[in-house]
Every structure is written in structure tokens, then in C-alpha cells.
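Novice: Have a look at this one.
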Amino acid sequence: MTKHITPHWKSLLDEFELDWRLAGLAPKTVKEYVRHLHSFLLLFPEPTALNAKQWLEQCPTAPSRRYKARALRRFAKWLDARGDHCMNWWNDVPLAVERPRPQTTVTLEDYLAARSRVTQPRDAVIIELLWCTGMRRSEIARAQVEHLDLSIGILTIPVSKTGKFRTVPLSPAAIEALKGFLMERTTGSVTQLTSDGIRSVLRRLDAPPAHAWRRGWAVHALRNGVSEVSVRTIAGWSSGAMVARYTAALSNELAVAEFERLWGKRSGDVA
């Protein structure tokens with residue numbers, strides 16, 4: 001067995017990754033896809049559907065099996081689109097079913113508890129940004145004072161995980177926290193912390209991890225009547241799949257809350 005894939009496959013993987021990046025899709029995702037595809041094509045230089053299924057069968061968990069199958073399918077669809085049908089069996093590759101796993105989701109009570117333990121102005125900034133913006137920990141770490149416009153209450157994220165620009169609104173509490181911490185500072189890092197530094201702050205405050213705040217932000221917004229389109233836009237998600245994933249465990253509760261708002265509005269109209 002050779003240690004390298006053929007030059008033909010290497011060239012195609014390089015072009016696939018380049019096209020992905022040019023389309024503005026998540027660079028981290030395509031890097032992982034290419035890594036898995038490289039392993040597959042090293043084993044099977046002339047791949048068939050049976051080869052793909054044999055390869056996937058070796059995955060120890062359903063999530064990893066599903067992820068690698070998605071990599072195969074995306075690459076093969078890309079090949080089809082450019083007129084190369086050497087992997088036209090991609091639709092026969094099954095996607096493993098993932099059972100939903102309980103995920104920590106920050107609630108209003110968690111937010112209030114964390115805020116009550118704040119002892120430093122910077123702590124308040126981190127907690128308020130997590131709660132009102134749904135920003136990732138890395139995005140907060142990269143945020144610059146120049147990206148803020150506190151007069152209208154927005155923060156610009158020039159480059160997110162997906163490589164796209166977006167703007168997030170700031171709550172009145174976040175604006176006050178930022179003003180109190182920044183004072184007269186007009187440039188540089190907002191928090192003056194790395195991503196790991198923000199993680200340490202959350203641990204010191206005995207607060208949930210940052211991604212639990214992102215889930216909680218989405219659920220809290222939807223529960224209080226913010227549209228899915230607005231949540232997707234502010235979070236930087238290109239489809240509703242991530243919203244559904246984050247809120248799957250609470251979907252019934254969200255549905256009940258929506259109907260209660262509907263009936264409450266009607267009751268008020270009648271009154």
C-alpha cells in the first residue's frame with residue numbers, strides 16, 4: 001500500500017477544498033472532510049459503494065460514521081456537478097441515525113446566577129455578551145473595540161466560524177457592562193482575553209461552558225417570540241438545521257409556548 005493518495009485524487013481534493021472556501025463555507029469543516037477523504041482514498045484508490053460502506057463500518061460511533069458519510073457524499077456530489085461521475089454511487093451511502101443526546105442549555109436562571117457571582121467588570125462583559133448575542137467563545141476573544149458601536153448597540157463580527165461577516169445586537173445590560181469596562185478605551189481587544197482565558201472566567205464563576213450559552217440564547221430567543229430567521233441570521237447559521245438541533249430537546253415546550261401566546265393574544269382581543 002502506498003503512503004500517499006494518487007496525484008489525481010490529491011488534485012481533486014485540493015480543488016474541492018478551494019471551491020468550498022471560495023463559496024464562503026466553513027474552512028474548519030472542509031479541512032476535516034478532506035482529512036477523512038484522504039484516508040478513504042488511500043485505502044481505496046478506485047472506490048466503490050461497497051468500499052465506502054466497509055470503511056464506514058469501521059467507525060466506532062454513529063456520530064463519526066455519519067460525519068464521514070457526509071464527507072463522502074459532499075465530495076461525490078461536487079464531482080458529479082463538475083461532470084466527473086466516478087463516485088456516482090454516493091446516494092447509496094447511508095447516513096447513520098444519531099440519537100439526540102442531552103446537552104447543557106443555559107436558562108434565564110443560569111444567567112441570573114452567573115451574573116450574581118460577577119466580581120469584575122470584565123466578567124460582566126463576558127456574561128452579557130454570551131447571553132444576549134449567542135457569540136462563540138472564539139468570536140468574543142477576537143472582538144475588537146473598533147467593532148463596537150455602542151451608540152446604536154451593535155457589534156460587528158468581521159469573520160465568524162463560517163468565514164462570513166455578521167452583526168449582532170447588544171442588550172441594554174451588555175451596553176452598560178461594556179461602557180463600564182472599556183471606559184475611554186477606543187482600540188484593541190474588547191475583553192483582552194484569549195478563548196482559553198474566557199473559559200477560565202466561566203469556570204471561576206461556576207458558569208456553564210460557552211456553547212451551552214449559545215444553545216440557551218437560541219432557545220430563550222425562540223421561546224420569547226424571536227423568529228427562526230432572526231435567530232439564524234444573528235447566529236450566522238445558513239439553514240434551520242442548527243436551530244432544530246439546538247432546540248430539539250425543548251421543541252415541545254417551545255410549541256406549547258407559541259400556542260399559549262396565540263391564545264393569550266386572542267383572549268386579549270376578545271376582552
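Quick note on naming: the chains in the C-alpha cells go A, B, ... in the order shown, residues restart at 1 in each chain, and ligands are numbered from 1 in order of appearance.
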Using only C-alpha atoms, which residues sit within 9 Å of range 60-76 of chain A once same-chain residues fewer than 5 positions away are excluded, as number ranges by chain?
Specialist: A: 13, 16, 30, 32-34, 36-37, 40, 52-53, 81, 84-91, 93-99
Novice: So that I can see what lies close to range 169-173 of chain A, please list as an NGL selection string the residues with an atom at most 8 Å from it, counting only C-alpha atoms and leaving out residues fewer than 5 positions away in the same chain.
Specialist: :A and (128-129 or 132-133 or 153-155)
Novice: Check which residues of range 54-135 of chain A sit at most 9 Å from range 174-179 of chain A using only C-alpha atoms, and return one row each with the closest pair of atoms and their distance in Å to one decimal, ordered by chain and rising number, as a tab-separated table.
Specialist:
residue	atom	partner	partner_atom	distance
A:Pro121	CA	A:Ala177	CA	6.8
A:Arg122	CA	A:Ala177	CA	8.0
A:Ala124	CA	A:Ala177	CA	5.9
A:Val125	CA	A:Ala177	CA	5.3
A:Ile126	CA	A:Ala174	CA	8.8
A:Ile127	CA	A:Ala174	CA	8.5
A:Glu128	CA	A:Ala174	CA	5.0
A:Leu129	CA	A:Ala174	CA	6.2
A:Trp131	CA	A:Ala174	CA	8.9
A:Cys132	CA	A:Ala174	CA	7.4
Novice: So which residues of range 117-182 of chain A fall under alpha helix (DSSP H) by DSSP, listed as a ChimeraX atom specification?
Specialist: /A:121-133,137-142,172-182
Novice: Based on the selection just made, write N, CA and C atoms of those residues as a PDB file, in the first residue's frame.
Specialist:
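Resulting contents of part_33.pdb:
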ATOM      1  N   PRO A 121     -15.593  43.948  36.303  1.00  0.00           N
ATOM      2  CA  PRO A 121     -16.279  44.491  35.124  1.00  0.00           C
ATOM      3  C   PRO A 121     -16.136  43.600  33.887  1.00  0.00           C
ATOM      4  N   ARG A 122     -14.969  42.991  33.718  1.00  0.00           N
ATOM      5  CA  ARG A 122     -14.772  42.130  32.548  1.00  0.00           C
ATOM      6  C   ARG A 122     -15.658  40.886  32.623  1.00  0.00           C
ATOM      7  N   ASP A 123     -15.860  40.350  33.821  1.00  0.00           N
ATOM      8  CA  ASP A 123     -16.761  39.200  33.990  1.00  0.00           C
ATOM      9  C   ASP A 123     -18.150  39.551  33.455  1.00  0.00           C
ATOM     10  N   ALA A 124     -18.602  40.758  33.803  1.00  0.00           N
ATOM     11  CA  ALA A 124     -19.944  41.186  33.388  1.00  0.00           C
ATOM     12  C   ALA A 124     -20.037  41.268  31.866  1.00  0.00           C
ATOM     13  N   VAL A 125     -18.990  41.764  31.222  1.00  0.00           N
ATOM     14  CA  VAL A 125     -18.980  41.867  29.757  1.00  0.00           C
ATOM     15  C   VAL A 125     -19.126  40.488  29.131  1.00  0.00           C
ATOM     16  N   ILE A 126     -18.371  39.536  29.630  1.00  0.00           N
ATOM     17  CA  ILE A 126     -18.404  38.180  29.055  1.00  0.00           C
ATOM     18  C   ILE A 126     -19.781  37.550  29.230  1.00  0.00           C
ATOM     19  N   ILE A 127     -20.334  37.642  30.427  1.00  0.00           N
ATOM     20  CA  ILE A 127     -21.647  37.040  30.694  1.00  0.00           C
ATOM     21  C   ILE A 127     -22.729  37.701  29.841  1.00  0.00           C
ATOM     22  N   GLU A 128     -22.704  39.022  29.749  1.00  0.00           N
ATOM     23  CA  GLU A 128     -23.747  39.725  28.979  1.00  0.00           C
ATOM     24  C   GLU A 128     -23.625  39.433  27.488  1.00  0.00           C
ATOM     25  N   LEU A 129     -22.412  39.370  26.960  1.00  0.00           N
ATOM     26  CA  LEU A 129     -22.243  39.071  25.538  1.00  0.00           C
ATOM     27  C   LEU A 129     -22.701  37.649  25.220  1.00  0.00           C
ATOM     28  N   LEU A 130     -22.381  36.709  26.090  1.00  0.00           N
ATOM     29  CA  LEU A 130     -22.821  35.327  25.871  1.00  0.00           C
ATOM     30  C   LEU A 130     -24.345  35.234  25.885  1.00  0.00           C
ATOM     31  N   TRP A 131     -24.965  35.951  26.793  1.00  0.00           N
ATOM     32  CA  TRP A 131     -26.411  35.823  26.970  1.00  0.00           C
ATOM     33  C   TRP A 131     -27.203  36.553  25.895  1.00  0.00           C
ATOM     34  N   CYS A 132     -26.705  37.688  25.420  1.00  0.00           N
ATOM     35  CA  CYS A 132     -27.535  38.489  24.509  1.00  0.00           C
ATOM     36  C   CYS A 132     -27.169  38.342  23.039  1.00  0.00           C
ATOM     37  N   THR A 133     -26.019  37.731  22.728  1.00  0.00           N
ATOM     38  CA  THR A 133     -25.601  37.687  21.322  1.00  0.00           C
ATOM     39  C   THR A 133     -25.494  36.280  20.743  1.00  0.00           C
ATOM     40  N   ARG A 137     -17.248  31.521  21.870  1.00  0.00           N
ATOM     41  CA  ARG A 137     -16.170  31.983  22.745  1.00  0.00           C
ATOM     42  C   ARG A 137     -15.022  32.590  21.936  1.00  0.00           C
ATOM     43  N   SER A 138     -14.674  31.957  20.816  1.00  0.00           N
ATOM     44  CA  SER A 138     -13.580  32.464  19.988  1.00  0.00           C
ATOM     45  C   SER A 138     -13.923  33.820  19.386  1.00  0.00           C
ATOM     46  N   GLU A 139     -15.201  34.037  19.069  1.00  0.00           N
ATOM     47  CA  GLU A 139     -15.622  35.313  18.492  1.00  0.00           C
ATOM     48  C   GLU A 139     -15.524  36.432  19.523  1.00  0.00           C
ATOM     49  N   ILE A 140     -15.886  36.132  20.757  1.00  0.00           N
ATOM     50  CA  ILE A 140     -15.756  37.141  21.821  1.00  0.00           C
ATOM     51  C   ILE A 140     -14.289  37.471  22.041  1.00  0.00           C
ATOM     52  N   ALA A 141     -13.428  36.433  22.002  1.00  0.00           N
ATOM     53  CA  ALA A 141     -11.993  36.657  22.207  1.00  0.00           C
ATOM     54  C   ALA A 141     -11.404  37.531  21.100  1.00  0.00           C
ATOM     55  N   ARG A 142     -11.915  37.391  19.878  1.00  0.00           N
ATOM     56  CA  ARG A 142     -11.379  38.166  18.744  1.00  0.00           C
ATOM     57  C   ARG A 142     -12.025  39.540  18.592  1.00  0.00           C
ATOM     58  N   PRO A 172     -29.370  46.269  26.429  1.00  0.00           N
ATOM     59  CA  PRO A 172     -29.005  47.410  27.290  1.00  0.00           C
ATOM     60  C   PRO A 172     -28.020  47.010  28.380  1.00  0.00           C
ATOM     61  N   ALA A 173     -28.189  45.813  28.970  1.00  0.00           N
ATOM     62  CA  ALA A 173     -27.271  45.359  30.025  1.00  0.00           C
ATOM     63  C   ALA A 173     -25.864  45.168  29.474  1.00  0.00           C
ATOM     64  N   ALA A 174     -25.762  44.638  28.250  1.00  0.00           N
ATOM     65  CA  ALA A 174     -24.443  44.440  27.637  1.00  0.00           C
ATOM     66  C   ALA A 174     -23.780  45.779  27.338  1.00  0.00           C
ATOM     67  N   ILE A 175     -24.570  46.738  26.860  1.00  0.00           N
ATOM     68  CA  ILE A 175     -24.022  48.066  26.550  1.00  0.00           C
ATOM     69  C   ILE A 175     -23.467  48.713  27.818  1.00  0.00           C
ATOM     70  N   GLU A 176     -24.223  48.631  28.908  1.00  0.00           N
ATOM     71  CA  GLU A 176     -23.764  49.215  30.175  1.00  0.00           C
ATOM     72  C   GLU A 176     -22.510  48.523  30.676  1.00  0.00           C
ATOM     73  N   ALA A 177     -22.455  47.200  30.559  1.00  0.00           N
ATOM     74  CA  ALA A 177     -21.280  46.457  31.003  1.00  0.00           C
ATOM     75  C   ALA A 177     -20.052  46.853  30.183  1.00  0.00           C
ATOM     76  N   LEU A 178     -20.239  46.997  28.879  1.00  0.00           N
ATOM     77  CA  LEU A 178     -19.125  47.378  28.006  1.00  0.00           C
ATOM     78  C   LEU A 178     -18.631  48.793  28.317  1.00  0.00           C
ATOM     79  N   LYS A 179     -19.563  49.705  28.519  1.00  0.00           N
ATOM     80  CA  LYS A 179     -19.168  51.078  28.853  1.00  0.00           C
ATOM     81  C   LYS A 179     -18.391  51.115  30.159  1.00  0.00           C
ATOM     82  N   GLY A 180     -18.849  50.351  31.155  1.00  0.00           N
ATOM     83  CA  GLY A 180     -18.182  50.341  32.446  1.00  0.00           C
ATOM     84  C   GLY A 180     -16.797  49.731  32.389  1.00  0.00           C
ATOM     85  N   PHE A 181     -16.604  48.754  31.516  1.00  0.00           N
ATOM     86  CA  PHE A 181     -15.307  48.084  31.420  1.00  0.00           C
ATOM     87  C   PHE A 181     -14.337  48.831  30.510  1.00  0.00           C
ATOM     88  N   LEU A 182     -14.823  49.308  29.379  1.00  0.00           N
ATOM     89  CA  LEU A 182     -13.940  49.942  28.399  1.00  0.00           C
ATOM     90  C   LEU A 182     -13.520  51.350  28.819  1.00  0.00           C
TER      91      LEU A 182
END
Novice: For the contact check between range 13-108 of chain A and range 113-120 of chain A, emit one row per residue of range 13-108 of chain A within 12 Å, containing the shortest atom pair and the distance in Å rounded to one decimal, counting only C-alpha atoms, chain then rising number order, as JSON lines.
Specialist:
{"residue": "A:Val106", "atom": "CA", "partner": "A:Ala114", "partner_atom": "CA", "distance": 10.3}
{"residue": "A:Thr107", "atom": "CA", "partner": "A:Ala113", "partner_atom": "CA", "distance": 9.8}
{"residue": "A:Leu108", "atom": "CA", "partner": "A:Ala113", "partner_atom": "CA", "distance": 8.6}
Novice: Save the residues we just selected, N, CA and C atoms, as a PDB file, in the first residue's frame?
Specialist:
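Listed below is the output, selection14.pdb:
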ATOM      1  N   VAL A 106     -28.158  26.795  28.730  1.00  0.00           N
ATOM      2  CA  VAL A 106     -28.279  27.831  29.752  1.00  0.00           C
ATOM      3  C   VAL A 106     -29.708  28.374  29.779  1.00  0.00           C
ATOM      4  N   THR A 107     -30.212  28.566  30.974  1.00  0.00           N
ATOM      5  CA  THR A 107     -31.548  29.123  31.172  1.00  0.00           C
ATOM      6  C   THR A 107     -31.440  30.538  31.744  1.00  0.00           C
ATOM      7  N   LEU A 108     -32.561  31.214  31.829  1.00  0.00           N
ATOM      8  CA  LEU A 108     -32.572  32.540  32.435  1.00  0.00           C
ATOM      9  C   LEU A 108     -32.050  32.472  33.862  1.00  0.00           C
TER      10      LEU A 108
END
Novice: Write down as a list of chain:residue names the residues belonging to range 161-226 of chain A that are assigned strand (DSSP E or B) by DSSP computed on the backbone.
Specialist: A:Arg166, A:Thr167, A:Val168, A:Pro169, A:Ser189
Novice: Using only C-alpha atoms, which protein or nucleic acid residues come within 9 Å of Ile234 in chain A? Drop anything in the same chain fewer than 4 positions from it, and give the result as a list in words.
Specialist: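 Once the nearby chain positions are removed, what remains is Thr133, Gly134, Met135, Arg166, Thr167, Val168, Pro169, Val229 and Ser230 of chain A.
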Novice: Print the selection's residues with N, CA and C atoms to a file, as a PDB file, in the first residue's frame.
Specialist:
ATOM      1  N   THR A 133     -26.019  37.731  22.728  1.00  0.00           N
ATOM      2  CA  THR A 133     -25.601  37.687  21.322  1.00  0.00           C
ATOM      3  C   THR A 133     -25.494  36.280  20.743  1.00  0.00           C
ATOM      4  N   GLY A 134     -25.346  35.267  21.580  1.00  0.00           N
ATOM      5  CA  GLY A 134     -25.128  33.922  21.052  1.00  0.00           C
ATOM      6  C   GLY A 134     -23.763  33.767  20.410  1.00  0.00           C
ATOM      7  N   MET A 135     -22.819  34.650  20.709  1.00  0.00           N
ATOM      8  CA  MET A 135     -21.485  34.584  20.112  1.00  0.00           C
ATOM      9  C   MET A 135     -20.712  33.370  20.628  1.00  0.00           C
ATOM     10  N   ARG A 166     -21.006  39.220   9.985  1.00  0.00           N
ATOM     11  CA  ARG A 166     -22.355  39.415  10.507  1.00  0.00           C
ATOM     12  C   ARG A 166     -22.320  40.462  11.620  1.00  0.00           C
ATOM     13  N   THR A 167     -23.494  40.962  11.965  1.00  0.00           N
ATOM     14  CA  THR A 167     -23.637  41.961  13.016  1.00  0.00           C
ATOM     15  C   THR A 167     -24.616  41.450  14.050  1.00  0.00           C
ATOM     16  N   VAL A 168     -24.289  41.653  15.339  1.00  0.00           N
ATOM     17  CA  VAL A 168     -25.182  41.189  16.406  1.00  0.00           C
ATOM     18  C   VAL A 168     -25.642  42.388  17.239  1.00  0.00           C
ATOM     19  N   PRO A 169     -26.906  42.368  17.674  1.00  0.00           N
ATOM     20  CA  PRO A 169     -27.409  43.452  18.525  1.00  0.00           C
ATOM     21  C   PRO A 169     -26.989  43.240  19.977  1.00  0.00           C
ATOM     22  N   VAL A 229     -35.835  32.936  11.576  1.00  0.00           N
ATOM     23  CA  VAL A 229     -34.998  33.637  10.592  1.00  0.00           C
ATOM     24  C   VAL A 229     -34.042  34.595  11.304  1.00  0.00           C
ATOM     25  N   SER A 230     -34.553  35.329  12.286  1.00  0.00           N
ATOM     26  CA  SER A 230     -33.712  36.282  13.011  1.00  0.00           C
ATOM     27  C   SER A 230     -32.646  35.561  13.834  1.00  0.00           C
TER      28      SER A 230
END
Novice: Might you pull out every residue within 12 Å of Phe44 in chain A, with only C-alpha atoms counted and same-chain residues fewer than 3 positions away left off, and present them as number ranges by chain?
Specialist: A: 1-2, 4-6, 9, 37-41, 47-55, 87
Novice: From the options A:Glu109, A:Asp19, A:Glu57, A:Glu228, which residue's atoms come nearest to Trp78 in chain A, counting only C-alpha atoms?
Specialist: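 Closest candidate: A:Asp19.
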